[in-house]
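Trainee: Below is one structure. I have some questions about it.
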Amino acid sequence: MSKTAILEIDGKKYEFPIIVGTENEVAIDINKLRDLSGAITMDPGYKNSGSCKSEITFLDGEEGILRYRGYSIEDLAEKANFLEVSYLVIFGELPTAKQLSQFETDIRKYTLVNEEMKNIIDGFPKTAHPMGVLSSLTSALTAFNPKVVNVENEAEMYEAICKTMGKFLVLATWTFRKASGFPLNYYDNTKGYVENFMHLMFALPTGPYTSNPVVVAALDKLFILHADHEQNCSTSTVRMVGSSHAGLFASISAGVSALWGPLHGGANQAVLEMLEEIQKNGGDADKYLAKAKDKDDPFRLMGFGHRVYKNFDPRAKIIKKAADEVLATLGVNDPVLQIAKKLEESALVDEYFVSRKLYPNVDFYSGIIYRALGIPTDMFTVLFAIGRLPGWIAQWKEMRENKEPIGRPRQIYTGHPLRDFKAMDKR
């Protein structure tokens, strides 16, 4: 027998069905609330509102669980590579060896970006933030691919997905090359997807470039950890924009803009800016740990705790090991990273942080890795976007295939009631 919830307003009762997910998540379906009662719910930030049913990602913040399509993040990070996980997230199942090889081959078909795109990137000053440039370039892809994708045509959808995966990586690295004053690079079809990221970023025409396999493996894990994270700000933005039947490139571009914010994808940049500030002011980590514990001090430790994970961030456990391996392999001697290690060691044993479960999160460790690789802080969120791309694609695809209605939140108006118009001479 199906369960229902009863809501009483002014003595009148209304019944609403209860939906239970495969992991026993419970939701009250208020789809008919306004039609039946004239009332709406008020939920700023939508923290208690489910916007859709989804088969892609399961997240349990209290228990520190993250799964893609039913597979644990721990297993995927250890046993799969990024393109394998991308295929899983987008298409629903782990690929066979043949499917994965074909997926990579088909992505390579679309890695060449139209030369006219260089005119667009040349229009930006070197000082432009890479995320702003990336959002614009992604949106500009619609001009070179004007045909609307028929979501009911499997071949068209597959082509659009491969095209997005191929071109986005190139455009993302071009934002760095533009800011650095380097010539723009092209995808090398003899290399893998993640290895190509390093090639596109750092290879120069003045000599050969060989990427470090430990670094490639760490980045591969980081991209996997970022691949999807349920209905966060940027993902729900992609679904919202796509719900108007805007195309994939336009919807991804909107996701990039949402990810740009310091409360979302900019968190790992905020970590390094904090560490640099500590170093600039003497490098005393203990002093800043004390400031973080002082309730009257506005200082906050960035990269510790998580608004979703109330216990620990499962991604942080995985990437901590990779961060340690990268630092050991590269032999980096950076005072800023020494401060990071001191903060990490203290927070993991200090009763104040342990009792409040303020453990280092994935943004803390990803920032350390990017810093060790010599990647500028304003590029950190671009790398986050590369990892999140398959999740955005999967969410857009699911939303369109499910024929979800256009997003249209309600509001409670709190402005003036009806007023008489005042003539200019009486204002």
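Simple scheme: letters A, B, ... for chains in structure tokens order, numbers from 1 for residues in each chain, numbers from 1 for ligands in the order shown.
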Would you mind listing what lies within 9 Å of Ile318 (chain A) as number ranges by chain, with only C-alpha atoms counted and same-chain residues fewer than 6 positions away left out?
Mentor: A: 73-74, 77-78, 221-222, 225, 362
Trainee: Restricting the calculation to only C-alpha atoms: of A:Lys422, A:Arg67, A:Lys147, A:Arg356, which residue gets closest to Ala246 (chain A)?
Mentor: A:Lys147
Trainee: Identify, on the basis of only C-alpha atoms, every residue whose closest approach to Val271 (chain A) does not exceed 9 Å; exclude the query and any residue fewer than 6 positions from it along the same chain; express the result as a list in words.
Mentor: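 Close residues of Val271 (chain A): Leu301, Met302, Gly303, Asp363, Phe364, Gly367 and Ile368 of chain A.
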Trainee: In terms of the shortest atom-to-atom distance over only C-alpha atoms, which of A:Gln231, A:Thr96, A:Thr111, A:Asn268 is closest to Phe58 (chain A)?
Mentor: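 Ranked by minimum distance to Phe58 (chain A), first place goes to A:Gln231.
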Trainee: At a cut-off of 7 Å, using only C-alpha atoms, what residues contact Phe82 (chain A)? Leave out same-chain residues fewer than 3 positions from it and give the result as a PyMOL selection string.
Mentor: chain A and resi 85-86+220+223-224
Trainee: Please produce a file of the residues just selected, as a JSON list (two decimals), in the first residue's frame, where the atoms kept are all heavy atoms.
Mentor:
[["chain", "number", "residue", "atom", "x", "y", "z"],
["A", 85, "VAL", "N", 34.89, 6.05, -16.70],
["A", 85, "VAL", "CA", 33.88, 6.58, -15.78],
["A", 85, "VAL", "C", 32.95, 7.55, -16.51],
["A", 85, "VAL", "O", 31.75, 7.58, -16.25],
["A", 85, "VAL", "CB", 34.56, 7.26, -14.57],
["A", 85, "VAL", "CG1", 33.55, 8.00, -13.72],
["A", 85, "VAL", "CG2", 35.31, 6.22, -13.74],
["A", 86, "SER", "N", 33.50, 8.32, -17.44],
["A", 86, "SER", "CA", 32.66, 9.23, -18.24],
["A", 86, "SER", "C", 31.61, 8.45, -19.00],
["A", 86, "SER", "O", 30.43, 8.83, -19.04],
["A", 86, "SER", "CB", 33.53, 10.03, -19.21],
["A", 86, "SER", "OG", 34.46, 10.84, -18.54],
["A", 220, "ASP", "N", 43.90, 11.93, -13.41],
["A", 220, "ASP", "CA", 42.84, 11.00, -13.81],
["A", 220, "ASP", "C", 41.89, 10.75, -12.63],
["A", 220, "ASP", "O", 40.67, 10.78, -12.78],
["A", 220, "ASP", "CB", 43.47, 9.69, -14.27],
["A", 220, "ASP", "CG", 42.52, 8.85, -15.11],
["A", 220, "ASP", "OD1", 41.72, 8.10, -14.52],
["A", 220, "ASP", "OD2", 42.56, 8.96, -16.33],
["A", 223, "PHE", "N", 39.81, 13.96, -11.88],
["A", 223, "PHE", "CA", 38.70, 14.13, -12.82],
["A", 223, "PHE", "C", 37.56, 13.15, -12.49],
["A", 223, "PHE", "O", 36.39, 13.51, -12.57],
["A", 223, "PHE", "CB", 39.18, 13.91, -14.26],
["A", 223, "PHE", "CG", 40.08, 15.01, -14.79],
["A", 223, "PHE", "CD1", 40.95, 14.76, -15.85],
["A", 223, "PHE", "CD2", 40.07, 16.28, -14.24],
["A", 223, "PHE", "CE1", 41.78, 15.76, -16.35],
["A", 223, "PHE", "CE2", 40.90, 17.29, -14.73],
["A", 223, "PHE", "CZ", 41.76, 17.03, -15.78],
["A", 224, "ILE", "N", 37.91, 11.92, -12.12],
["A", 224, "ILE", "CA", 36.88, 10.94, -11.73],
["A", 224, "ILE", "C", 36.11, 11.43, -10.51],
["A", 224, "ILE", "O", 34.88, 11.35, -10.46],
["A", 224, "ILE", "CB", 37.53, 9.57, -11.44],
["A", 224, "ILE", "CG1", 38.01, 8.90, -12.74],
["A", 224, "ILE", "CG2", 36.56, 8.63, -10.71],
["A", 224, "ILE", "CD1", 38.84, 7.65, -12.53]]
